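Data file: start04.txt. Format and content: compact mmCIF, C-alpha atoms and all ligand atoms.
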```txt
# COMPACT_ATOMS: atom_id res chain seq x y z
CA MET A 1 82.56 -205.84 -114.02
CA ALA A 2 85.18 -205.59 -116.68
CA GLY A 3 86.05 -201.98 -117.40
CA THR A 4 89.58 -201.29 -118.58
CA PHE A 5 90.71 -197.92 -117.47
CA LYS A 6 93.41 -195.69 -118.86
CA PHE A 7 93.56 -192.13 -117.61
CA THR A 8 93.95 -188.82 -119.39
CA PHE A 9 93.86 -185.09 -118.67
CA GLY A 10 94.55 -181.89 -120.59
CA PRO A 11 97.42 -179.44 -120.13
CA TRP A 12 94.84 -176.86 -118.98
CA ASN A 13 94.28 -179.00 -115.87
CA ILE A 14 97.65 -177.83 -114.54
CA HIS A 15 97.18 -174.10 -114.29
CA GLU A 16 98.19 -170.88 -112.64
CA GLY A 17 95.13 -170.35 -110.46
CA ALA A 18 93.65 -167.16 -111.92
CA ASP A 19 89.90 -166.74 -111.42
CA PRO A 20 87.52 -163.92 -112.45
CA PHE A 21 88.43 -162.09 -109.22
CA GLY A 22 92.18 -162.39 -109.10
CA PRO A 23 95.32 -163.01 -111.11
CA ASP A 24 97.66 -166.00 -111.37
CA VAL A 25 99.04 -167.24 -108.07
CA ARG A 26 101.40 -169.93 -109.39
CA ASP A 27 104.18 -169.87 -111.98
CA SER A 28 103.38 -171.43 -115.34
CA LEU A 29 104.79 -174.83 -116.19
CA THR A 30 105.97 -175.15 -119.77
CA PHE A 31 104.12 -177.63 -121.94
CA ASN A 32 107.11 -179.99 -121.79
CA ALA A 33 107.25 -179.74 -118.01
CA LYS A 34 103.55 -180.67 -117.93
CA LEU A 35 104.13 -183.63 -120.24
CA ALA A 36 106.79 -184.88 -117.87
CA CYS A 37 104.15 -184.99 -115.08
CA TYR A 38 101.75 -187.38 -116.81
CA LYS A 39 103.40 -190.75 -116.16
CA LYS A 40 104.52 -189.71 -112.67
CA LEU A 41 100.91 -188.91 -111.79
CA GLY A 42 99.72 -192.26 -113.19
CA PHE A 43 98.29 -191.00 -116.49
CA ASP A 44 98.52 -192.58 -119.92
CA GLY A 45 97.33 -189.99 -122.40
CA VAL A 46 96.78 -186.32 -123.16
CA GLN A 47 93.65 -184.40 -124.10
CA PHE A 48 94.24 -181.32 -126.19
CA HIS A 49 92.68 -178.10 -127.24
CA ASP A 50 93.84 -177.35 -130.79
CA ASP A 51 96.07 -174.53 -129.56
CA ASP A 52 97.51 -176.59 -126.70
CA ALA A 53 98.83 -178.80 -129.50
CA VAL A 54 99.71 -176.07 -132.00
CA PRO A 55 99.85 -172.67 -130.27
CA ASN A 56 99.30 -169.77 -132.61
CA LEU A 57 97.58 -171.94 -135.23
CA ASN A 58 95.51 -169.00 -136.48
CA ASN A 59 98.61 -167.43 -137.97
CA MET A 60 100.06 -170.59 -139.49
CA THR A 61 99.71 -172.23 -142.90
CA ALA A 62 98.36 -175.77 -143.20
CA SER A 63 101.84 -177.17 -143.76
CA GLU A 64 103.26 -175.27 -140.77
CA ILE A 65 100.46 -176.68 -138.60
CA ALA A 66 101.13 -180.18 -139.94
CA ALA A 67 104.86 -179.90 -139.20
CA GLU A 68 104.21 -178.80 -135.64
CA ALA A 69 101.60 -181.48 -135.00
CA THR A 70 103.92 -184.15 -136.42
CA ALA A 71 106.73 -183.00 -134.12
CA LEU A 72 104.33 -183.10 -131.17
CA LYS A 73 103.33 -186.67 -132.01
CA LYS A 74 107.00 -187.63 -131.82
CA THR A 75 107.35 -185.95 -128.42
CA LEU A 76 104.26 -187.78 -127.15
CA ASP A 77 105.71 -191.09 -128.38
CA GLU A 78 108.96 -190.35 -126.55
CA HIS A 79 106.97 -189.82 -123.35
CA GLY A 80 104.98 -193.02 -123.96
CA LEU A 81 101.75 -190.99 -124.10
CA PHE A 82 98.88 -191.06 -126.58
CA ALA A 83 96.65 -188.19 -127.71
CA GLU A 84 93.08 -188.97 -126.73
CA PHE A 85 91.30 -186.14 -128.54
CA VAL A 86 91.61 -182.57 -129.75
CA ALA A 87 88.96 -179.90 -129.10
CA PRO A 88 88.68 -176.57 -130.96
CA ARG A 89 89.08 -173.64 -128.57
CA LEU A 90 86.24 -171.61 -130.04
CA TRP A 91 85.73 -169.25 -127.14
CA PHE A 92 88.90 -167.14 -126.97
CA ASP A 93 89.15 -165.37 -130.29
CA PRO A 94 87.58 -161.91 -130.89
CA ARG A 95 85.68 -163.53 -133.77
CA THR A 96 83.95 -165.94 -131.37
CA ILE A 97 82.77 -163.37 -128.82
CA ASP A 98 79.19 -164.17 -129.83
CA GLY A 99 79.82 -167.88 -130.48
CA GLY A 100 81.25 -169.93 -133.32
CA PHE A 101 78.71 -171.81 -135.40
CA THR A 102 75.77 -169.82 -134.00
CA ASN A 103 77.40 -166.42 -134.34
CA ASN A 104 75.14 -163.89 -136.06
CA CYS A 105 78.07 -162.73 -138.22
CA PRO A 106 78.77 -164.92 -141.30
CA GLU A 107 82.54 -164.24 -141.37
CA CYS A 108 82.76 -165.31 -137.72
CA ARG A 109 80.89 -168.54 -138.50
CA ALA A 110 83.28 -169.20 -141.37
CA PHE A 111 86.22 -168.68 -139.01
CA ALA A 112 84.76 -171.23 -136.57
CA MET A 113 84.34 -173.76 -139.35
CA GLU A 114 87.89 -173.34 -140.61
CA ARG A 115 89.20 -173.64 -137.09
CA PHE A 116 87.23 -176.83 -136.50
CA LYS A 117 88.73 -178.34 -139.66
CA LYS A 118 92.21 -177.49 -138.42
CA THR A 119 91.35 -179.24 -135.16
CA VAL A 120 90.45 -182.38 -137.12
CA ASP A 121 93.73 -182.21 -139.07
CA ILE A 122 95.69 -181.89 -135.84
CA ALA A 123 93.85 -184.80 -134.23
CA ARG A 124 94.64 -187.07 -137.18
CA LEU A 125 98.31 -186.11 -137.12
CA LEU A 126 98.43 -186.87 -133.40
CA GLY A 127 97.03 -190.35 -134.11
CA SER A 128 93.49 -189.73 -132.82
CA ASN A 129 90.18 -189.96 -134.65
CA LEU A 130 88.26 -188.15 -131.92
CA VAL A 131 87.42 -184.48 -131.56
CA VAL A 132 85.52 -183.07 -128.57
CA LEU A 133 83.17 -180.18 -128.98
CA TRP A 134 82.25 -178.13 -125.93
CA PHE A 135 79.77 -175.45 -127.03
CA ALA A 136 81.11 -172.64 -124.83
CA ARG A 137 79.62 -169.47 -126.36
CA GLU A 138 77.06 -171.24 -128.57
CA GLY A 139 74.17 -169.79 -126.63
CA THR A 140 72.77 -166.49 -125.49
CA TYR A 141 72.80 -163.99 -122.64
CA ILE A 142 69.34 -162.90 -123.73
CA ARG A 143 66.95 -165.10 -125.72
CA GLU A 144 66.17 -162.49 -128.37
CA ALA A 145 69.80 -162.37 -129.50
CA LYS A 146 69.57 -165.54 -131.58
CA ASP A 147 66.94 -167.79 -133.11
CA SER A 148 67.19 -171.10 -131.24
CA ARG A 149 65.88 -173.21 -134.14
CA LEU A 150 68.34 -171.68 -136.56
CA ALA A 151 71.13 -172.03 -134.00
CA VAL A 152 70.57 -175.77 -133.69
CA GLN A 153 70.40 -176.12 -137.47
CA ARG A 154 73.66 -174.21 -137.81
CA ILE A 155 75.39 -176.40 -135.24
CA ALA A 156 74.11 -179.54 -137.00
CA ALA A 157 75.33 -178.20 -140.35
CA ALA A 158 78.78 -177.62 -138.85
CA LEU A 159 78.91 -181.17 -137.50
CA ASP A 160 77.74 -182.48 -140.85
CA GLU A 161 80.45 -180.57 -142.68
CA ILE A 162 83.11 -182.06 -140.40
CA LEU A 163 81.76 -185.60 -140.91
CA ALA A 164 82.04 -185.03 -144.66
CA TYR A 165 85.48 -183.44 -144.32
CA ASP A 166 86.96 -186.54 -142.68
CA PRO A 167 85.23 -189.90 -143.17
CA ASP A 168 86.82 -191.44 -140.05
CA ILE A 169 86.51 -188.63 -137.54
CA LYS A 170 84.20 -189.07 -134.55
CA ILE A 171 82.77 -186.13 -132.61
CA ALA A 172 82.10 -186.26 -128.87
CA ILE A 173 79.82 -183.41 -127.81
CA GLU A 174 80.46 -182.15 -124.28
CA ALA A 175 77.11 -180.79 -123.14
CA LYS A 176 76.93 -178.06 -120.49
CA PRO A 177 73.83 -176.03 -119.64
CA ASN A 178 75.40 -172.67 -118.81
CA GLU A 179 78.63 -170.75 -118.23
CA PRO A 180 79.96 -168.71 -119.88
CA MET A 181 76.49 -168.19 -121.40
CA ASP A 182 73.25 -167.70 -119.51
CA HIS A 183 71.85 -170.61 -121.51
CA THR A 184 73.92 -172.77 -123.84
CA TYR A 185 72.37 -174.60 -126.80
CA ILE A 186 72.66 -178.40 -126.47
CA PRO A 187 72.61 -178.32 -122.64
CA THR A 188 72.43 -182.07 -121.91
CA THR A 189 73.49 -185.51 -123.14
CA GLY A 190 70.05 -186.14 -124.60
CA HIS A 191 70.21 -182.94 -126.65
CA ALA A 192 73.68 -183.89 -127.90
CA MET A 193 72.59 -187.32 -129.02
CA ALA A 194 69.47 -186.03 -130.72
CA LEU A 195 71.58 -183.46 -132.57
CA GLY A 196 73.50 -186.30 -134.17
CA LEU A 197 70.30 -187.38 -135.93
CA LEU A 198 70.40 -184.18 -137.99
CA THR A 199 73.73 -185.20 -139.53
CA ARG A 200 74.73 -187.57 -142.33
CA ASP A 201 76.26 -190.15 -139.98
CA PRO A 202 74.74 -190.18 -136.47
CA ALA A 203 76.93 -193.17 -135.56
CA ARG A 204 79.95 -190.86 -135.51
CA ILE A 205 78.37 -188.35 -133.14
CA GLY A 206 78.63 -189.27 -129.46
CA VAL A 207 79.20 -187.57 -126.16
CA ASN A 208 81.78 -186.60 -123.60
CA ILE A 209 79.93 -186.53 -120.29
CA GLU A 210 81.38 -184.22 -117.68
CA SER A 211 80.17 -184.91 -114.13
CA ALA A 212 80.01 -181.23 -113.17
CA HIS A 213 78.08 -180.29 -116.30
CA ALA A 214 75.44 -182.94 -115.61
CA ILE A 215 75.17 -181.74 -112.02
CA LEU A 216 74.78 -178.14 -113.26
CA ALA A 217 71.77 -179.40 -115.24
CA ASN A 218 70.48 -180.94 -111.99
CA LEU A 219 70.96 -184.43 -113.44
CA ASP A 220 72.79 -187.42 -112.05
CA PRO A 221 76.06 -188.03 -113.96
CA SER A 222 75.87 -191.83 -113.66
CA ASP A 223 72.37 -191.89 -115.13
CA GLU A 224 73.53 -189.62 -117.95
CA MET A 225 76.33 -192.12 -118.58
CA GLY A 226 73.90 -195.02 -118.55
CA PHE A 227 71.75 -193.19 -121.09
CA ALA A 228 74.70 -192.67 -123.44
CA LEU A 229 75.92 -196.25 -122.90
CA ALA A 230 72.52 -197.59 -123.94
CA PHE A 231 73.10 -195.95 -127.34
CA ASN A 232 76.84 -196.86 -127.53
CA LYS A 233 77.57 -193.16 -127.50
CA LEU A 234 79.81 -192.65 -124.51
CA PHE A 235 82.97 -191.80 -126.45
CA THR A 236 84.76 -190.30 -123.44
CA VAL A 237 84.14 -188.79 -119.98
CA HIS A 238 85.27 -185.76 -118.00
CA LEU A 239 85.08 -186.86 -114.41
CA ASN A 240 85.17 -184.26 -111.66
CA ASP A 241 82.86 -182.98 -108.91
CA GLN A 242 80.62 -180.01 -108.29
CA ASN A 243 79.11 -178.60 -105.10
CA GLY A 244 75.60 -177.65 -106.22
CA LEU A 245 74.22 -175.22 -108.76
CA LYS A 246 76.88 -172.55 -109.01
CA PHE A 247 79.84 -171.77 -111.30
CA ASP A 248 81.58 -174.76 -112.90
CA GLN A 249 83.96 -175.90 -110.18
CA ASP A 250 85.84 -178.85 -111.72
CA LYS A 251 86.56 -180.18 -108.24
CA THR A 252 88.52 -183.35 -107.52
CA PHE A 253 86.53 -186.42 -108.52
CA GLY A 254 84.58 -187.68 -105.50
CA GLY A 255 85.58 -184.67 -103.39
CA VAL A 256 82.00 -183.47 -102.88
CA ASP A 257 79.80 -186.54 -103.13
CA LEU A 258 81.55 -189.87 -102.80
CA ARG A 259 78.44 -191.90 -103.47
CA ARG A 260 77.66 -189.99 -106.66
CA ALA A 261 81.26 -190.64 -107.77
CA PHE A 262 80.93 -194.31 -106.78
CA ASN A 263 77.92 -194.68 -109.03
CA GLN A 264 79.80 -193.20 -111.99
CA VAL A 265 82.67 -195.64 -111.49
CA ARG A 266 80.20 -198.47 -111.08
CA ILE A 267 78.17 -197.82 -114.24
CA LEU A 268 81.37 -197.52 -116.30
CA ASP A 269 82.84 -200.70 -114.87
CA LYS A 270 79.60 -202.66 -115.13
CA HIS A 271 79.31 -202.00 -118.84
CA ASN A 272 82.93 -202.60 -119.84
CA TYR A 273 83.79 -198.98 -120.44
CA GLY A 274 87.19 -198.76 -122.08
CA SER A 275 86.89 -201.99 -124.05
CA ASN A 276 86.72 -199.99 -127.29
CA GLY A 277 89.66 -197.82 -126.27
CA GLU A 278 87.68 -195.15 -124.41
CA ALA A 279 89.69 -193.28 -121.78
CA VAL A 280 88.81 -191.86 -118.37
CA GLY A 281 89.43 -188.13 -118.62
CA LEU A 282 89.72 -186.10 -115.43
CA ASP A 283 88.75 -182.48 -116.07
CA VAL A 284 89.73 -181.18 -112.65
CA LYS A 285 91.13 -177.90 -111.41
CA ALA A 286 93.49 -177.32 -108.48
CA MET A 287 92.21 -175.00 -105.78
CA ARG A 288 93.63 -171.50 -106.04
CA THR A 289 95.10 -171.96 -102.57
CA GLN A 290 97.46 -174.77 -103.65
CA LYS A 291 101.15 -173.91 -103.69
CA LEU A 292 103.02 -174.61 -106.93
CA GLU A 293 104.78 -177.72 -105.60
CA GLN A 294 101.41 -179.29 -104.79
CA SER A 295 99.46 -178.08 -107.77
CA THR A 296 99.08 -181.48 -109.48
CA LYS A 297 97.64 -183.32 -106.47
CA HIS A 298 94.05 -182.86 -107.70
CA LEU A 299 94.96 -185.06 -110.69
CA SER A 300 96.64 -187.94 -108.87
CA ASN A 301 94.00 -187.72 -106.14
CA SER A 302 91.14 -187.91 -108.64
CA ARG A 303 92.65 -190.98 -110.28
CA GLU A 304 93.32 -192.65 -106.93
CA ILE A 305 89.78 -191.94 -105.71
CA PHE A 306 88.47 -193.48 -108.94
CA LEU A 307 90.56 -196.61 -108.35
CA ASP A 308 89.58 -196.79 -104.66
CA LEU A 309 85.92 -196.60 -105.59
CA LEU A 310 86.49 -199.26 -108.24
CA GLU A 311 87.88 -201.52 -105.54
CA VAL A 312 84.85 -200.87 -103.33
CA SER A 313 82.48 -201.50 -106.21
CA ARG A 314 84.17 -204.75 -107.22
CA SER A 315 84.24 -205.98 -103.63
CA ILE A 316 80.46 -205.80 -103.35
CA PRO A 317 78.90 -209.20 -104.10
CA GLU A 318 76.23 -208.72 -106.77
CA ALA A 319 74.14 -211.39 -105.02
CA VAL A 320 73.78 -209.19 -101.95
CA ILE A 321 72.48 -206.29 -104.03
CA GLU A 322 70.18 -208.65 -105.92
CA GLY A 323 68.87 -209.96 -102.59
CA TYR A 324 67.87 -206.48 -101.43
CA VAL A 325 66.39 -205.71 -104.83
CA ALA A 326 64.37 -208.95 -104.82
CA GLU A 327 62.91 -207.98 -101.43
CA ARG A 328 62.42 -204.40 -102.63
CA ASP A 329 64.30 -203.45 -99.46
CA TYR A 330 65.94 -200.28 -100.73
CA GLU A 331 66.43 -198.95 -97.17
CA GLY A 332 68.49 -202.07 -96.51
CA LEU A 333 70.38 -201.59 -99.78
CA GLU A 334 71.08 -197.96 -98.92
CA ARG A 335 72.57 -198.91 -95.55
CA PHE A 336 74.62 -201.66 -97.20
CA ILE A 337 76.08 -199.31 -99.84
CA VAL A 338 76.85 -196.56 -97.32
CA LYS A 339 78.61 -199.13 -95.11
CA ALA A 340 80.65 -200.34 -98.08
CA LEU A 341 81.65 -196.74 -98.81
CA MET A 342 82.73 -196.31 -95.19
CA GLY A 343 84.82 -199.50 -95.40
CA LYS A 344 82.65 -201.25 -92.81
C1 LIG A 401 84.46 -176.38 -119.87
C2 LIG A 401 84.87 -177.66 -120.41
C3 LIG A 401 86.13 -177.60 -121.23
C4 LIG A 401 86.19 -178.79 -122.12
C5 LIG A 401 87.27 -178.83 -123.12
O1 LIG A 401 83.58 -176.22 -119.07
O2 LIG A 401 84.92 -178.61 -119.38
O3 LIG A 401 87.25 -177.51 -120.43
O4 LIG A 401 86.28 -179.94 -121.34
O5 LIG A 401 87.05 -177.99 -124.18
MG MG A 402 85.27 -180.64 -119.62
```
Encoded form (structure tokens):
Amino acid sequence: MAGTFKFTFGPWNIHEGADPFGPDVRDSLTFNAKLACYKKLGFDGVQFHDDDAVPNLNNMTASEIAAEATALKKTLDEHGLFAEFVAPRLWFDPRTIDGGFTNNCPECRAFAMERFKKTVDIARLLGSNLVVLWFAREGTYIREAKDSRLAVQRIAAALDEILAYDPDIKIAIEAKPNEPMDHTYIPTTGHAMALGLLTRDPARIGVNIESAHAILANLDPSDEMGFALAFNKLFTVHLNDQNGLKFDQDKTFGGVDLRRAFNQVRILDKHNYGSNGEAVGLDVKAMRTQKLEQSTKHLSNSREIFLDLLEVSRSIPEAVIEGYVAERDYEGLERFIVKALMGK
């Protein structure tokens, strides 16, 4: 049990509370006001979308983007924060209405590729060699709209082009089975890892496992993590929670199923997660009902729940678990674990 844990989140995790059925309910915090929250909430680093880092990047030249990213790196240094990764926001622009790399329109695909390259440039200037790729609109509402074989080949070609573009960049694919699409291509960790095999350097393709996304695929997040760990491909995580098969909730880590959260903490800790610099990202969303003054609690709570579960996990003598396992007494083991979780 030797994980080393540093915590990160993205500026989008402090938000105004709009949902598809209603507008903002909280005032916006400026980016600098958000940055000032990180250390206070117990966090060490920042996750970025490309336009969180350089707003308006579509209308800027390469040197303007570089100047802004360089200035941001200085600001991060002043706050004592590091940039964990940058992710291209490929789901907002009119040109990505039907996806980025799988778009049926060639000019739109070219836009996605250019944007992804800018994301890589920004990451490097922020001192990170990691980009995260969540596939968002790379999927279909109806199957006939795209050819699924061609779509996967196009995504692989895009990854391959990025690997060639920067020889040190690593790509963490964040798989999610649905939302906003009916079905998204590359819906699970296994798909993401297999996709890497179609590129020039599979070693630089890994995954970002989000708890809620695994749950939406009806899979157990800790087993997904174990799968990626077995291939040394767990480049980062997005911990949160999810109450069943519905819209992506991004609930506070451990807020729905404490034992499922416990097992995620445990598998990470058991296999020295963090020893190669990996961070624990918390992709959580405040409830719309939270007042502005309390709208960062989901972040500090998620981190504290992680650390509480770590304490529980580390307090459990391995020999006791091994004893139950040796007897094949899994009913006994179940009672023992539930007691530990209840502090008994
Ligand atoms: C959406 C994803 C997204 C990524 C970052 O479901 O969780 O927020 O984490 O691009
Ligand atoms: Mg996420």
Using all atoms listed in the file, which residues have at least one atom no more than 10 Å from ligand LIG 401 (chain A)? Output them as a compact mmCIF listing (two decimals) with C-alpha atoms, in the frame of the given file.
```
# COMPACT_ATOMS: atom_id res chain seq x y z
CA PHE A 9 93.86 -185.09 -118.67
CA GLY A 10 94.55 -181.89 -120.59
CA TRP A 12 94.84 -176.86 -118.98
CA ASN A 13 94.28 -179.00 -115.87
CA GLN A 47 93.65 -184.40 -124.10
CA PHE A 48 94.24 -181.32 -126.19
CA HIS A 49 92.68 -178.10 -127.24
CA ASP A 50 93.84 -177.35 -130.79
CA PHE A 85 91.30 -186.14 -128.54
CA VAL A 86 91.61 -182.57 -129.75
CA ALA A 87 88.96 -179.90 -129.10
CA PRO A 88 88.68 -176.57 -130.96
CA ARG A 89 89.08 -173.64 -128.57
CA LEU A 90 86.24 -171.61 -130.04
CA TRP A 91 85.73 -169.25 -127.14
CA VAL A 131 87.42 -184.48 -131.56
CA VAL A 132 85.52 -183.07 -128.57
CA LEU A 133 83.17 -180.18 -128.98
CA TRP A 134 82.25 -178.13 -125.93
CA PHE A 135 79.77 -175.45 -127.03
CA ALA A 136 81.11 -172.64 -124.83
CA ILE A 173 79.82 -183.41 -127.81
CA GLU A 174 80.46 -182.15 -124.28
CA ALA A 175 77.11 -180.79 -123.14
CA LYS A 176 76.93 -178.06 -120.49
CA PRO A 177 73.83 -176.03 -119.64
CA ASN A 178 75.40 -172.67 -118.81
CA GLU A 179 78.63 -170.75 -118.23
CA PRO A 180 79.96 -168.71 -119.88
CA ASN A 208 81.78 -186.60 -123.60
CA ILE A 209 79.93 -186.53 -120.29
CA GLU A 210 81.38 -184.22 -117.68
CA SER A 211 80.17 -184.91 -114.13
CA ALA A 212 80.01 -181.23 -113.17
CA HIS A 213 78.08 -180.29 -116.30
CA VAL A 237 84.14 -188.79 -119.98
CA HIS A 238 85.27 -185.76 -118.00
CA LEU A 239 85.08 -186.86 -114.41
CA ASN A 240 85.17 -184.26 -111.66
CA PHE A 247 79.84 -171.77 -111.30
CA ASP A 248 81.58 -174.76 -112.90
CA GLN A 249 83.96 -175.90 -110.18
CA ASP A 250 85.84 -178.85 -111.72
CA GLY A 281 89.43 -188.13 -118.62
CA LEU A 282 89.72 -186.10 -115.43
CA ASP A 283 88.75 -182.48 -116.07
CA VAL A 284 89.73 -181.18 -112.65
CA LYS A 285 91.13 -177.90 -111.41
```
Atom CA of A:Arg303 to atom CA of A:Ile205, straight-line distance in Å:
27.1 Å
Using all atoms listed in the file, which of A:Thr75, A:Thr8, A:Gln264, A:Thr199 sits nearest ligand MG 402 (chain A)?
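Looking at the shortest contact to ligand MG 402 (chain A), the residue is A:Thr8.
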Mind listing as a list in words all residues within 10 Å of (90.5, -190.5, -136.4), counting all atoms listed in the file?
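These residues have at least one counted atom within 10 Å: Phe85, Val120, Asp121, Ala123, Arg124, Leu125, Leu126, Gly127, Ser128, Asn129, Leu130, Val131, Asp166, Pro167, Asp168, Ile169, Lys170 and Ile171 of chain A.
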Separation of atom CA of A:Gly343 from atom CA of A:Phe7 in Å
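Pair atom CA of A:Phe7 / atom CA of A:Gly343 returns 25.0 Å.
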Within 9 Å of A:Asn218, counting all atoms listed in the file, which residues qualify if same-chain residues fewer than 4 places away don't, as a list of chain:residue names?
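Surrounding residues, per the criterion: A:His213, A:Ala214, A:Gly244, A:Leu245.
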From the options A:Ala286, A:Leu29, A:Ile65, A:Ala158, which residue's atoms come nearest to A:Ala53, counting only C-alpha atoms?
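For A:Ala53, the nearest of the given residues is A:Ile65.
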d(atom CA of A:Glu331, atom CA of A:Leu307) in Å:
26.7 Å
Name the closest residue to A:Lys146 among the candidates A:Leu292, A:Gly99, A:Ile162, A:Ala172; distances are taken between atoms, counting only C-alpha atoms.
A:Gly99
Quick one: of A:Gly332, A:Gly45, A:Pro202, A:Gly100, who's nearest to A:Asp77, counting all atoms listed in the file?
A:Gly45
